[in-house]
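target-v3.cif (mmCIF, C-alpha atoms) appears below.
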```cif
data_data
loop_
_atom_site.label_atom_id
_atom_site.label_comp_id
_atom_site.auth_asym_id
_atom_site.auth_seq_id
_atom_site.Cartn_x
_atom_site.Cartn_y
_atom_site.Cartn_z
CA MET A 74 92.25 102.46 125.47
CA ALA A 75 94.95 101.85 122.85
CA ARG A 76 97.02 104.80 121.72
CA VAL A 77 100.25 105.55 119.83
CA SER A 78 102.99 104.87 122.37
CA ASP A 79 105.98 105.26 120.03
CA SER A 80 106.67 105.97 116.36
CA ALA A 81 109.57 106.58 114.01
CA ALA A 82 110.30 107.48 110.39
CA VAL A 83 113.55 106.79 108.53
CA SER A 84 114.34 107.35 104.85
CA HIS A 85 117.50 106.56 102.87
CA VAL A 86 118.44 107.27 99.26
CA GLY A 87 119.75 103.71 98.81
CA ARG A 88 122.90 102.54 97.07
CA ILE A 89 121.95 103.18 93.43
CA ARG A 90 119.71 106.26 93.11
CA SER A 91 121.21 109.75 93.01
CA ASN A 92 118.30 111.43 94.84
CA ASN A 93 115.62 110.41 97.29
CA GLN A 94 112.14 110.31 95.72
CA ASP A 95 110.54 108.85 98.87
CA SER A 96 108.87 110.86 101.61
CA GLY A 97 107.57 109.81 105.02
CA LEU A 98 105.50 111.30 107.82
CA ALA A 99 105.27 110.17 111.43
CA GLY A 100 102.71 112.58 112.82
CA ILE A 101 100.67 112.70 116.01
CA GLY A 102 97.96 110.33 114.82
CA LEU A 103 98.69 110.08 111.09
CA PHE A 104 101.51 108.09 109.48
CA VAL A 105 102.26 108.12 105.75
CA VAL A 106 104.79 106.85 103.19
CA ALA A 107 104.90 108.17 99.61
CA ASP A 108 107.14 106.73 96.88
CA GLY A 109 107.57 109.20 94.01
CA MET A 110 108.10 108.32 90.36
CA GLY A 111 108.83 110.27 87.21
CA GLY A 112 112.57 110.48 87.14
CA HIS A 113 115.09 112.77 88.79
CA ALA A 114 113.02 115.89 88.08
CA GLY A 115 109.63 114.70 89.28
CA GLY A 116 109.52 111.83 91.75
CA ASP A 117 110.79 113.79 94.72
CA VAL A 118 108.41 116.65 93.95
CA ALA A 119 105.42 114.33 93.70
CA SER A 120 106.03 112.56 97.01
CA ALA A 121 106.80 115.84 98.79
CA ILE A 122 103.57 117.46 97.58
CA ALA A 123 101.59 114.40 98.63
CA ILE A 124 103.12 114.26 102.12
CA THR A 125 102.70 118.03 102.63
CA ARG A 126 99.02 117.81 101.72
CA MET A 127 98.47 114.64 103.77
CA ALA A 128 100.06 116.28 106.83
CA GLU A 129 97.09 118.65 106.93
CA ALA A 130 94.89 115.64 107.69
CA ASP A 131 96.79 114.88 110.92
CA GLN A 132 93.93 115.98 113.15
CA VAL A 133 91.66 114.62 115.86
CA TYR A 134 88.61 112.82 114.46
CA SER A 135 85.49 111.78 116.28
CA THR A 136 85.04 108.48 114.45
CA PRO A 137 87.19 106.17 112.33
CA GLN A 138 84.75 106.69 109.47
CA GLU A 139 85.41 110.42 109.61
CA ALA A 140 89.15 109.78 109.52
CA GLU A 141 88.74 107.36 106.60
CA PHE A 142 86.83 109.96 104.61
CA ALA A 143 89.38 112.67 105.50
CA LEU A 144 92.28 110.51 104.28
CA GLN A 145 90.54 109.78 101.01
CA ALA A 146 89.70 113.46 100.53
CA ALA A 147 93.31 114.42 101.27
CA LEU A 148 94.58 111.99 98.64
CA VAL A 149 92.16 113.33 96.04
CA ALA A 150 93.28 116.86 96.90
CA ALA A 151 96.92 115.83 96.61
CA ASN A 152 96.17 114.33 93.20
CA ALA A 153 94.68 117.65 92.08
CA LEU A 154 97.75 119.52 93.37
CA LEU A 155 100.01 117.22 91.39
CA ALA A 156 97.96 117.78 88.24
CA GLU A 157 98.10 121.56 88.74
CA THR A 158 101.84 121.43 89.35
CA VAL A 159 102.34 119.57 86.07
CA PHE A 160 100.11 122.12 84.32
CA GLU A 161 102.38 124.94 85.48
CA HIS A 162 105.65 122.97 85.12
CA THR A 163 105.38 120.87 81.99
CA GLU A 164 108.85 119.41 82.54
CA LEU A 165 107.27 117.38 85.36
CA THR A 166 104.68 115.75 83.10
CA GLY A 167 104.11 112.16 84.10
CA MET A 168 105.29 112.47 87.69
CA GLY A 169 103.32 110.55 90.28
CA THR A 170 103.53 108.93 93.66
CA THR A 171 102.23 106.02 95.68
CA VAL A 172 100.73 106.78 99.08
CA SER A 173 99.99 104.50 102.04
CA ALA A 174 98.48 106.24 105.07
CA LEU A 175 97.36 105.08 108.50
CA ALA A 176 95.44 107.15 111.07
CA VAL A 177 95.14 105.84 114.65
CA LEU A 178 91.96 106.50 116.65
CA GLY A 179 92.03 104.57 119.88
CA ASP A 180 91.26 100.91 119.23
CA GLU A 181 90.84 101.38 115.48
CA VAL A 182 92.89 102.58 112.52
CA ALA A 183 91.77 104.11 109.24
CA ILE A 184 93.81 103.20 106.15
CA ALA A 185 94.05 104.81 102.70
CA HIS A 186 96.27 103.31 100.02
CA ILE A 187 97.20 103.63 96.35
CA GLY A 188 100.23 102.14 94.59
CA ASP A 189 102.74 99.54 95.78
CA SER A 190 103.97 100.96 99.06
CA ARG A 191 102.78 98.63 101.81
CA ILE A 192 101.29 98.51 105.30
CA TYR A 193 102.13 95.53 107.54
CA LEU A 194 100.85 94.55 110.98
CA TYR A 195 102.97 92.70 113.54
CA ARG A 196 100.78 90.96 116.10
CA ASP A 197 101.36 87.90 118.33
CA GLY A 198 104.71 87.14 116.74
CA ASP A 199 103.55 87.19 113.13
CA VAL A 200 103.61 89.77 110.31
CA SER A 201 100.72 90.15 107.88
CA GLN A 202 100.45 92.36 104.81
CA ILE A 203 97.41 94.60 105.10
CA THR A 204 97.39 96.48 101.79
CA ILE A 205 97.23 95.03 98.29
CA ASP A 206 99.70 96.22 95.66
CA HIS A 207 98.18 98.04 92.69
CA THR A 208 100.64 96.41 90.28
CA PHE A 209 100.45 94.40 87.09
CA VAL A 210 101.91 91.28 88.68
CA GLN A 211 99.43 91.49 91.56
CA ARG A 212 96.66 91.37 88.96
CA LEU A 213 98.28 88.25 87.54
CA VAL A 214 98.47 86.70 91.01
CA ASP A 215 94.85 87.61 91.82
CA SER A 216 93.67 86.06 88.55
CA GLY A 217 95.66 82.89 89.21
CA ARG A 218 97.96 83.33 86.22
CA ILE A 219 101.16 83.30 88.31
CA THR A 220 102.15 82.44 91.88
CA GLU A 221 103.49 84.75 94.59
CA GLU A 222 106.94 83.23 94.05
CA GLU A 223 106.81 83.96 90.31
CA ALA A 224 105.59 87.50 91.01
CA ALA A 225 108.71 88.20 93.11
CA VAL A 226 110.97 87.72 90.06
CA HIS A 227 108.59 88.80 87.31
CA PRO A 228 110.19 91.31 84.86
CA ARG A 229 107.13 93.60 85.18
CA ARG A 230 106.90 93.49 88.97
CA SER A 231 107.46 97.28 89.15
CA VAL A 232 104.67 98.20 86.74
CA LEU A 233 102.05 100.19 88.67
CA MET A 234 98.41 100.30 87.64
CA ARG A 235 97.28 103.05 90.06
CA VAL A 236 99.10 106.13 91.43
CA LEU A 237 98.46 109.77 92.27
CA GLY A 238 99.58 112.09 89.50
CA ASP A 239 98.62 113.87 86.30
CA VAL A 240 96.98 110.85 84.68
CA ASP A 241 93.60 110.40 86.36
CA SER A 242 91.47 113.17 87.87
CA ALA A 243 89.55 110.63 90.00
CA PRO A 244 92.02 107.95 91.14
CA GLU A 245 90.65 104.80 92.76
CA ILE A 246 91.83 104.70 96.38
CA ASP A 247 91.56 101.71 98.72
CA THR A 248 90.30 102.58 102.21
CA SER A 249 89.47 100.44 105.23
CA ILE A 250 88.98 100.51 108.99
CA LEU A 251 90.65 97.86 111.15
CA ALA A 252 90.84 97.11 114.85
CA THR A 253 94.10 97.53 116.73
CA ARG A 254 95.19 96.79 120.27
CA PRO A 255 98.12 97.34 122.65
CA GLY A 256 101.16 95.41 121.52
CA ASP A 257 100.50 95.89 117.82
CA ARG A 258 103.32 97.29 115.68
CA TRP A 259 102.45 98.78 112.32
CA LEU A 260 104.94 99.12 109.49
CA ILE A 261 104.47 101.43 106.49
CA CYS A 262 107.21 101.16 103.87
CA SER A 263 108.10 101.86 100.26
CA ASP A 264 108.99 99.03 97.91
CA GLY A 265 112.64 99.85 98.55
CA LEU A 266 112.17 97.65 101.63
CA SER A 267 109.49 95.15 100.61
CA GLY A 268 111.09 94.59 97.20
CA VAL A 269 114.41 93.35 98.58
CA VAL A 270 113.83 92.23 102.18
CA SER A 271 111.83 89.03 102.66
CA LEU A 272 108.81 88.76 104.91
CA ASP A 273 110.69 86.26 107.08
CA GLN A 274 113.50 88.76 107.61
CA ILE A 275 111.01 91.52 108.45
CA ARG A 276 109.35 89.18 110.95
CA ALA A 277 112.74 88.40 112.52
CA GLU A 278 113.49 92.11 112.97
CA PHE A 279 110.13 92.68 114.66
CA ALA A 280 110.76 89.70 116.94
CA MET A 281 113.98 91.36 118.16
CA GLY A 282 111.88 94.16 119.67
CA GLY A 283 113.37 97.49 120.70
CA ARG A 284 112.18 101.05 120.24
CA ALA A 285 110.42 102.10 117.06
CA HIS A 286 113.41 104.11 115.83
CA ASP A 287 115.81 101.21 116.39
CA LEU A 288 113.54 98.84 114.48
CA ALA A 289 113.20 101.30 111.59
CA GLN A 290 116.98 101.70 111.41
CA ARG A 291 117.48 97.91 111.35
CA LEU A 292 114.98 97.46 108.53
CA VAL A 293 116.65 100.18 106.46
CA LYS A 294 120.03 98.54 107.09
CA ASP A 295 118.62 95.20 105.88
CA SER A 296 117.62 96.89 102.64
CA LEU A 297 121.07 98.47 102.27
CA ASP A 298 122.74 95.12 102.96
CA ALA A 299 120.60 93.60 100.18
CA GLY A 300 121.87 96.19 97.68
CA ALA A 301 119.14 98.86 98.09
CA PRO A 302 118.55 99.46 94.36
CA ASP A 303 115.77 101.93 95.23
CA ASN A 304 115.09 104.55 97.89
CA VAL A 305 113.85 103.00 101.11
CA THR A 306 111.49 104.61 103.63
CA VAL A 307 110.18 103.01 106.82
CA VAL A 308 107.57 104.31 109.29
CA ILE A 309 106.93 102.36 112.51
CA VAL A 310 103.85 102.87 114.69
CA ASP A 311 103.64 101.20 118.12
CA ILE A 312 100.27 100.79 119.80
CA GLY A 313 100.25 100.76 123.61
CA GLU A 314 98.62 102.29 126.64
CA THR A 315 101.39 104.67 127.73
CA ALA A 316 101.93 108.28 126.73
CA PRO A 317 103.68 108.78 123.35
CA LEU A 318 107.48 109.16 123.46
CA ARG A 319 107.35 111.76 120.67
CA THR A 320 104.76 114.55 120.45
CA ASP A 321 105.89 116.48 117.37
CA PRO A 322 105.48 115.44 113.70
CA LEU A 323 108.52 114.05 111.87
CA ILE A 324 108.93 114.33 108.11
CA VAL A 325 111.71 112.47 106.26
CA GLY A 326 112.83 112.05 102.66
CA SER A 327 112.30 114.59 99.91
CA ALA A 328 109.44 116.29 101.80
CA ALA A 329 111.90 117.26 104.54
CA SER A 330 113.61 119.67 102.11
CA PRO A 331 112.08 122.76 100.49
CA LEU A 332 110.72 122.33 96.97
CA SER A 333 112.57 124.11 94.20
CA PHE A 334 109.32 125.93 93.36
CA ALA A 335 106.14 126.71 95.25
CA ALA A 336 103.34 124.20 94.93
CA PRO A 337 100.04 125.77 93.84
CA GLU A 338 97.33 126.49 96.39
CA PRO A 339 94.21 124.30 96.21
CA GLN A 340 91.96 127.22 95.21
CA ARG A 341 94.07 127.81 92.13
CA VAL A 342 93.32 124.42 90.70
CA ARG A 343 91.87 125.00 87.27
CA SER A 344 88.93 123.16 85.85
CA MET A 345 90.42 120.93 83.22
CA ARG A 346 89.81 117.56 81.72
CA LEU A 347 92.71 115.22 82.28
CA PRO A 348 93.61 112.68 79.60
CA PRO A 349 92.96 109.07 80.67
CA PHE A 350 96.42 108.01 79.50
CA ARG A 351 99.86 109.55 79.49
CA LEU A 352 100.59 110.84 76.01
CA HIS A 353 104.34 110.37 76.11
CA PRO A 354 106.82 108.30 78.13
CA VAL A 355 108.56 109.60 81.23
CA ARG A 356 112.14 108.74 82.18
CA GLU A 357 112.49 106.10 84.90
CA SER A 358 108.72 105.79 85.15
CA HIS A 359 107.24 102.46 86.15
CA PHE A 360 103.57 103.43 85.87
CA GLU A 361 101.09 102.26 83.27
CA PRO A 362 97.41 103.30 83.18
CA ASP A 363 94.81 101.09 84.81
CA SER A 364 92.95 100.44 81.56
CA GLN A 365 91.33 97.07 80.94
CA ASP A 366 92.47 97.16 77.30
CA TYR A 367 96.00 97.93 78.36
CA LEU A 368 95.87 95.30 81.09
CA ASP A 369 94.69 92.72 78.57
CA GLU A 370 97.54 93.76 76.29
CA LEU A 371 100.06 93.32 79.11
CA ILE A 372 98.61 89.94 80.01
CA GLU A 373 98.77 88.83 76.38
CA GLU A 374 102.35 90.08 76.17
CA ASP A 375 103.17 88.20 79.35
CA ARG A 376 101.57 85.07 77.90
CA ARG A 377 103.70 85.42 74.77
CA ARG A 378 106.78 85.91 76.91
CA VAL A 379 106.02 82.73 78.86
CA THR A 380 105.41 80.86 75.61
CA ARG A 381 108.68 82.11 74.16
CA ARG A 382 110.50 81.10 77.31
CA ARG A 383 108.99 77.63 77.18
CA VAL A 384 109.87 77.27 73.49
CA VAL A 385 113.45 78.35 74.19
CA TRP A 386 113.71 75.90 77.10
CA LEU A 387 112.23 73.08 75.02
CA ALA A 388 114.53 73.85 72.10
CA SER A 389 117.51 73.96 74.48
CA ILE A 390 116.56 70.62 76.02
CA ILE A 391 116.08 69.04 72.58
CA ALA A 392 119.41 70.44 71.40
CA LEU A 393 121.10 69.12 74.54
CA VAL A 394 119.55 65.67 74.10
CA VAL A 395 120.56 65.59 70.42
CA ALA A 396 124.10 66.64 71.34
CA ILE A 397 124.31 63.90 73.98
CA VAL A 398 122.97 61.29 71.53
CA LEU A 399 125.41 62.39 68.83
CA ALA A 400 128.27 62.31 71.31
CA CYS A 401 127.27 58.78 72.37
CA VAL A 402 127.04 57.64 68.74
CA VAL A 403 130.45 59.11 67.91
CA ALA A 404 131.96 57.61 71.05
CA TYR A 405 130.46 54.19 70.31
CA GLN A 406 131.72 54.29 66.72
CA TRP A 407 135.18 55.09 68.02
CA THR A 408 135.08 52.11 70.39
CA GLN A 409 134.35 49.85 67.43
CA THR A 410 137.74 50.76 65.94
CA ARG A 411 139.50 49.40 69.05
CA TYR A 412 140.46 45.74 69.65
CA PHE A 413 141.82 43.63 72.48
CA VAL A 414 142.62 40.01 73.20
CA GLY A 415 140.90 38.18 76.03
CA SER A 416 139.34 34.88 77.06
CA GLU A 417 135.99 33.48 76.00
CA SER A 418 134.71 30.15 77.36
CA GLY A 419 138.22 28.93 78.11
CA THR A 420 139.74 29.93 74.79
CA VAL A 421 141.61 32.96 73.43
CA ALA A 422 139.43 35.40 71.51
CA ILE A 423 139.76 38.73 69.71
CA TYR A 424 137.29 41.38 70.91
CA ARG A 425 136.17 44.50 69.09
CA GLY A 426 135.53 47.55 71.32
CA VAL A 427 136.91 48.59 74.69
CA GLN A 428 137.02 46.74 77.97
CA GLN A 429 134.66 49.12 79.81
CA THR A 430 130.92 48.81 80.32
CA LEU A 431 128.25 51.50 80.48
CA GLY A 432 125.98 50.23 83.22
CA PRO A 433 124.50 46.97 81.90
CA ILE A 434 125.73 47.74 78.37
CA ALA A 435 129.07 46.16 77.32
CA LEU A 436 131.16 48.27 74.97
CA SER A 437 132.80 45.24 73.35
CA GLU A 438 131.89 41.99 71.58
CA VAL A 439 133.71 38.89 70.39
CA TYR A 440 135.12 39.53 66.96
CA LYS A 441 136.83 36.17 66.44
CA LYS A 442 137.19 33.12 68.66
CA THR A 443 140.43 31.15 68.17
CA ASP A 444 141.15 27.45 68.78
CA ILE A 445 143.83 28.26 71.38
CA ALA A 446 142.76 26.83 74.70
CA LEU A 447 143.57 29.00 77.67
CA ALA A 448 144.84 25.93 79.53
CA ASP A 449 147.48 25.33 76.83
CA LEU A 450 149.19 28.67 77.60
CA LYS A 451 151.91 29.27 80.12
CA PRO A 452 150.66 30.49 83.53
CA TYR A 453 151.93 34.02 82.86
CA ASP A 454 150.25 34.18 79.44
CA GLN A 455 147.01 32.87 80.96
CA LYS A 456 146.97 35.71 83.48
CA ILE A 457 147.59 38.45 80.94
CA VAL A 458 144.93 37.06 78.57
CA GLU A 459 142.41 36.89 81.42
CA ALA A 460 143.28 40.50 82.24
CA THR A 461 142.94 41.33 78.48
CA ILE A 462 145.66 42.64 76.19
CA SER A 463 144.95 45.92 74.40
CA ALA A 464 145.65 46.21 70.70
CA GLY A 465 145.78 49.35 68.62
CA SER A 466 144.24 47.66 65.57
CA LEU A 467 142.90 44.35 64.26
CA SER A 468 146.26 43.42 62.73
CA GLU A 469 147.99 44.05 66.05
CA ALA A 470 145.43 41.84 67.79
CA ARG A 471 146.12 39.05 65.29
CA GLU A 472 149.85 39.41 65.93
CA ILE A 473 149.23 38.98 69.66
CA VAL A 474 147.24 35.80 68.96
CA THR A 475 150.06 34.50 66.75
CA ARG A 476 152.62 35.07 69.53
CA LEU A 477 150.37 33.31 72.06
CA GLU A 478 149.94 30.35 69.73
CA ALA A 479 153.71 30.09 69.27
CA SER A 480 154.29 30.13 73.04
CA ARG A 481 151.78 27.38 73.85
CA VAL A 482 153.05 24.59 76.12
CA PRO A 483 153.80 21.49 73.99
CA GLU A 484 151.50 18.53 74.67
#
```

Would you mind giving the structure from this file in C-alpha cells?
Amino acid sequence: MARVSDSAAVSHVGRIRSNNQDSGLAGIGLFVVADGMGGHAGGDVASAIAITRMAEADQVYSTPQEAEFALQAALVAANALLAETVFEHTELTGMGTTVSALAVLGDEVAIAHIGDSRIYLYRDGDVSQITIDHTFVQRLVDSGRITEEEAAVHPRRSVLMRVLGDVDSAPEIDTSILATRPGDRWLICSDGLSGVVSLDQIRAEFAMGGRAHDLAQRLVKDSLDAGAPDNVTVVIVDIGETAPLRTDPLIVGSAASPLSFAAPEPQRVRSMRLPPFRLHPVRESHFEPDSQDYLDELIEEDRRRVTRRRVVWLASIIALVVAIVLACVVAYQWTQTRYFVGSESGTVAIYRGVQQTLGPIALSEVYKKTDIALADLKPYDQKIVEATISAGSLSEAREIVTRLEASRVPE
C-alpha cells in the first residue's frame, strides 16, 4: 500500500516583503500551505491561525471521505476563528488567507482548497495542476475571455474571489478525493512560487529527483532567483512504500512563531451576522468579494481596459503611419529641389531629383533633354556624364551643360 515516504516544508520571506505572511505544515498525514493577506498587521496572523487549526485535523481517518469532511470542517472552523479574532482586534479587519490542504490515506488523498495557493502532482515525468485558482483572471480564462498566457500578465492576476477571513461566514471550499500511487510527488505552494516560476521549470526541478527537502530548497531558490516579490512556501509530499523519513510534524513560516496575542477558543465564537462585503479597504489586500455583481463589474472594467488599450494601439499605429507618410512627402519634396546632369538615349540631359531609387520607384525624372550627343563629347566627359554630375541647383546644372557643349569635339 502507498504511504508517505518523505516530506518537507520550506518557507522564505522573499526579496521584497518585510515579513512572512505564509505558513506551511508538513504533518504525519496532513500537508497544508496558507498564504495570508491583509497587510503587515494581519496576513501573518491569518495564515498562522489557519495552520494551527488545520494541524488539529492531522489524524488517522478510516476513509478518504471522512478525511475530506474533516478538512472542510477544519477550514470552516478556521474561518470562524479568523472572524472572531477580527471581532476582538479590529485593527486586523480584512485579514484573510488562502489554504490548500492534502491528507494522505494509503492509495488515496483528500484535498481541500480555497484561494490561489496551488497543489501540483508529479507523475511519470510530468507535472499537472490539481487545484483551480479562485481568482478573477481564472474566471476570465474559464469563461473564454482571455487565454492562459494573457492571464499570466494580467494586471488583476492577484485579485482573489474566495479566501478564509472576516468576509463570509460560509466560504465555498473546493474538496476532492484522488488516487495516488508509489512514485508520486505532490507539491503544495503559495503563489510566491507559482507566480514567478514557470511550470516547465518546476517540471525540470522534479525531474532532477533528490530528497523532498532538497527539492523544496531548489524550488524556493528558483523563486528567489526570479526576484521573489512575495513570500514563498513549498511543501513536498513523496508517496512510496517505505517507512517515512520524518515522523514529527514540521511547521514553517509565520505559524512557526508565537502570535502576538492569543487566538480565541472555538467555544468563544459569538453568534454574529457577517457582512457579505468588506466595508473598507485593507492595506496590501488583494481580495475582492465573490459577488456576481462585483464580478460583472470587474469584467466590464476589464473589457473597457482592453478597449482602451486597443484604441491607444490603433491611434499609435495611425500616428506612426501618418508620421512616416509625412516624412516621405517631405523627403520627396526635398529631392525635387535637387538636380544632376546625366545621359538619356545617347544625349545629355538635366534631371530633377536625386540619383537613388526606392525599390522600383525612381527618385528622379528628366527635366530637360539637350541636343548634345554623348558621342560628341570627349571620352572623359562621356564617362562623367554617364556616371552623372551632381548640381546644387537648376542654374548650376545649366552651367554644367554649357561647359559640356563648349568642350564638344569639333566635327

Extract, using all atoms listed in the file, all DNA, RNA and protein residues at most 8 Å from stretch 280-287 of chain A, discarding same-chain residues fewer than 6 positions from it, and format them as an mmCIF file with C-alpha atoms, in the coordinates of the input.
```
data_model
loop_
_atom_site.group_PDB
_atom_site.id
_atom_site.type_symbol
_atom_site.label_atom_id
_atom_site.label_comp_id
_atom_site.auth_asym_id
_atom_site.auth_seq_id
_atom_site.Cartn_x
_atom_site.Cartn_y
_atom_site.Cartn_z
ATOM 1 C CA ASP A 79 105.980 105.260 120.030
ATOM 2 C CA SER A 80 106.670 105.970 116.360
ATOM 3 C CA ALA A 81 109.570 106.580 114.010
ATOM 4 C CA ALA A 82 110.300 107.480 110.390
ATOM 5 C CA VAL A 83 113.550 106.790 108.530
ATOM 6 C CA GLY A 198 104.710 87.140 116.740
ATOM 7 C CA ILE A 309 106.930 102.360 112.510
ATOM 8 C CA VAL A 310 103.850 102.870 114.690
ATOM 9 C CA ASP A 311 103.640 101.200 118.120
#
```

Self-check item: Selection near A:Gln211, 12 Å with all atoms listed in the file, sequence-local residues under 3 positions removed, as a PyMOL selection string
Solution: chain A and resi 188-189+204-208+214-225+227+229-235+368+372

Self-check item: Shell of 6 Å around stretch 240-257 of chain A, all atoms listed in the file, local chain residues under 5 positions omitted, as a list of chain:residue names
Solution: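 Contacts, in chain order: A:Ala75, A:Asp180, A:Glu181, A:Val182, A:Ala183, A:Ile184, A:Ala185, A:His186, A:Ile187, A:Tyr195, A:Arg196, A:Ile312, A:Gly313, A:Pro349, A:Phe350.
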
Quiz prompt | For atom CA of A:Gln455 and atom CA of A:Arg476, the interatomic separation in Å (one decimal) | solution = 12.9 Å

Quiz item: Mind pulling up the distance from atom CA of A:Ser327 to atom CA of A:Ile89?
Solution: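 Spanning atom CA of A:Ile89 to atom CA of A:Ser327 is a straight-line distance of 16.3 Å.
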
Quiz item: Between A:Val474, A:Ala316, A:Val226, A:Val200, which has the minimum distance to A:Trp259 (counting all atoms listed in the file)?
Solution: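 Closest candidate: A:Val200.
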
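Going from atom CA of A:Leu98 to atom CA of A:Ile324 covers 4.6 Å.
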
Quiz prompt | Of the listed residues A:Ile434, A:Leu477, A:Leu144, A:Ala400, that which approaches A:Tyr453 most closely, counting all atoms listed in the file | solution =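 Ranking A:Ile434, A:Leu477, A:Leu144, A:Ala400 by distance to A:Tyr453, first place goes to A:Leu477.
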
Quiz item: In terms of the shortest atom-to-atom distance over only C-alpha atoms, which of A:Val414, A:Val86, A:Ala446, A:Val482 is closest to A:Leu297?
Solution: A:Val86

Practice problem: Give me the residues within 7 Å of stretch 267-275 of chain A as a list in words, counting all atoms listed in the file and dropping any in the same chain fewer than 3 places off. | Solution: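 The filter keeps Ser263, Asp264, Glu278, Phe279, Asp295, Ser296 and Ala299 of chain A.
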
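Applied to this file, the PyMOL selection byres ((chain A and resi 413) around 9) selects the residues Arg411, Tyr412, Val414, Gly415, Ala422, Ile423, Tyr424, Arg425, Gly426, Val427, Gln428, Thr461, Ile462, Ser463, Ala464, Gly465, Ser466, Leu467, Glu469 and Ala470 of chain A.
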
Output of the above residues as an mmCIF file, keeping the file's coordinate frame, restricted to C-alpha atoms:
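The result, stored in part27.cif:
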```cif
data_model
loop_
_atom_site.group_PDB
_atom_site.id
_atom_site.type_symbol
_atom_site.label_atom_id
_atom_site.label_comp_id
_atom_site.auth_asym_id
_atom_site.auth_seq_id
_atom_site.Cartn_x
_atom_site.Cartn_y
_atom_site.Cartn_z
ATOM 1 C CA ARG A 411 139.500 49.400 69.050
ATOM 2 C CA TYR A 412 140.460 45.740 69.650
ATOM 3 C CA VAL A 414 142.620 40.010 73.200
ATOM 4 C CA GLY A 415 140.900 38.180 76.030
ATOM 5 C CA ALA A 422 139.430 35.400 71.510
ATOM 6 C CA ILE A 423 139.760 38.730 69.710
ATOM 7 C CA TYR A 424 137.290 41.380 70.910
ATOM 8 C CA ARG A 425 136.170 44.500 69.090
ATOM 9 C CA GLY A 426 135.530 47.550 71.320
ATOM 10 C CA VAL A 427 136.910 48.590 74.690
ATOM 11 C CA GLN A 428 137.020 46.740 77.970
ATOM 12 C CA THR A 461 142.940 41.330 78.480
ATOM 13 C CA ILE A 462 145.660 42.640 76.190
ATOM 14 C CA SER A 463 144.950 45.920 74.400
ATOM 15 C CA ALA A 464 145.650 46.210 70.700
ATOM 16 C CA GLY A 465 145.780 49.350 68.620
ATOM 17 C CA SER A 466 144.240 47.660 65.570
ATOM 18 C CA LEU A 467 142.900 44.350 64.260
ATOM 19 C CA GLU A 469 147.990 44.050 66.050
ATOM 20 C CA ALA A 470 145.430 41.840 67.790
#
```

Exercise. I need the residue set behind the PyMOL selection byres ((chain A and resi 124) around 8) for this file; please write it as a VMD selection string.
Key: chain A and resid 96 to 98 105 to 107 120 to 123 125 to 128 328

Self-check item: Ground truth for the PyMOL selection byres ((chain A and resi 321) around 12), written as an MDAnalysis selection string
Solution: chainID A and resid 79:81 98:103 131 317:320 322:324

Quiz item: From the list A:Leu155, A:Ala150, A:Val308, A:Val236, which residue is nearest A:Ile192 when using only C-alpha atoms?
Solution: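 Using only C-alpha atoms, the shortest distance to A:Ile192 belongs to A:Val308.
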
Exercise. Give me the residues within 9 Å of A:Ala140 as a PyMOL selection string, counting all atoms listed in the file and dropping any in the same chain fewer than 5 places off.
Key: chain A and resi 130+132-135+145+176-178+182-184

Quiz item: Which one is closest to A:Val159: A:Ser173, A:Tyr193, A:Gly111, A:Pro137? Count only C-alpha atoms.
Solution: A:Gly111

Quiz item: Nearest to A:Leu266: which of A:Thr475, A:Ser84, A:Thr315, A:Gln94 is it, counting all atoms listed in the file?
Solution: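 Checking each of A:Thr475, A:Ser84, A:Thr315, A:Gln94 against A:Leu266, counting all atoms listed in the file, the winner is A:Ser84.
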
Export of stretch 387-397 of chain A: N, CA and C atoms, as a short mmCIF file (atom, residue, chain, number, x, y, z; two decimals), in the first residue's frame:
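Produced file result-v5.cif, reproduced below:
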```
data_model
loop_
_atom_site.label_atom_id
_atom_site.label_comp_id
_atom_site.auth_asym_id
_atom_site.auth_seq_id
_atom_site.Cartn_x
_atom_site.Cartn_y
_atom_site.Cartn_z
N LEU A 387 -4.20 51.46 -31.75
CA LEU A 387 -4.64 51.88 -33.08
C LEU A 387 -4.24 53.32 -33.35
N ALA A 388 -4.46 54.19 -32.34
CA ALA A 388 -4.07 55.59 -32.51
C ALA A 388 -2.56 55.72 -32.70
N SER A 389 -1.79 54.91 -31.97
CA SER A 389 -0.33 54.95 -32.11
C SER A 389 0.10 54.50 -33.50
N ILE A 390 -0.55 53.43 -33.99
CA ILE A 390 -0.21 52.93 -35.33
C ILE A 390 -0.56 53.96 -36.39
N ILE A 391 -1.76 54.58 -36.25
CA ILE A 391 -2.16 55.61 -37.21
C ILE A 391 -1.20 56.78 -37.18
N ALA A 392 -0.84 57.22 -35.95
CA ALA A 392 0.10 58.33 -35.83
C ALA A 392 1.45 57.99 -36.45
N LEU A 393 1.89 56.75 -36.25
CA LEU A 393 3.17 56.32 -36.82
C LEU A 393 3.10 56.31 -38.35
N VAL A 394 1.98 55.78 -38.88
CA VAL A 394 1.83 55.74 -40.34
C VAL A 394 1.78 57.15 -40.91
N VAL A 395 1.03 58.05 -40.26
CA VAL A 395 0.96 59.44 -40.71
C VAL A 395 2.33 60.09 -40.68
N ALA A 396 3.08 59.82 -39.59
CA ALA A 396 4.43 60.41 -39.49
C ALA A 396 5.33 59.90 -40.61
N ILE A 397 5.23 58.59 -40.91
CA ILE A 397 6.05 58.03 -41.98
C ILE A 397 5.68 58.64 -43.33
#
```
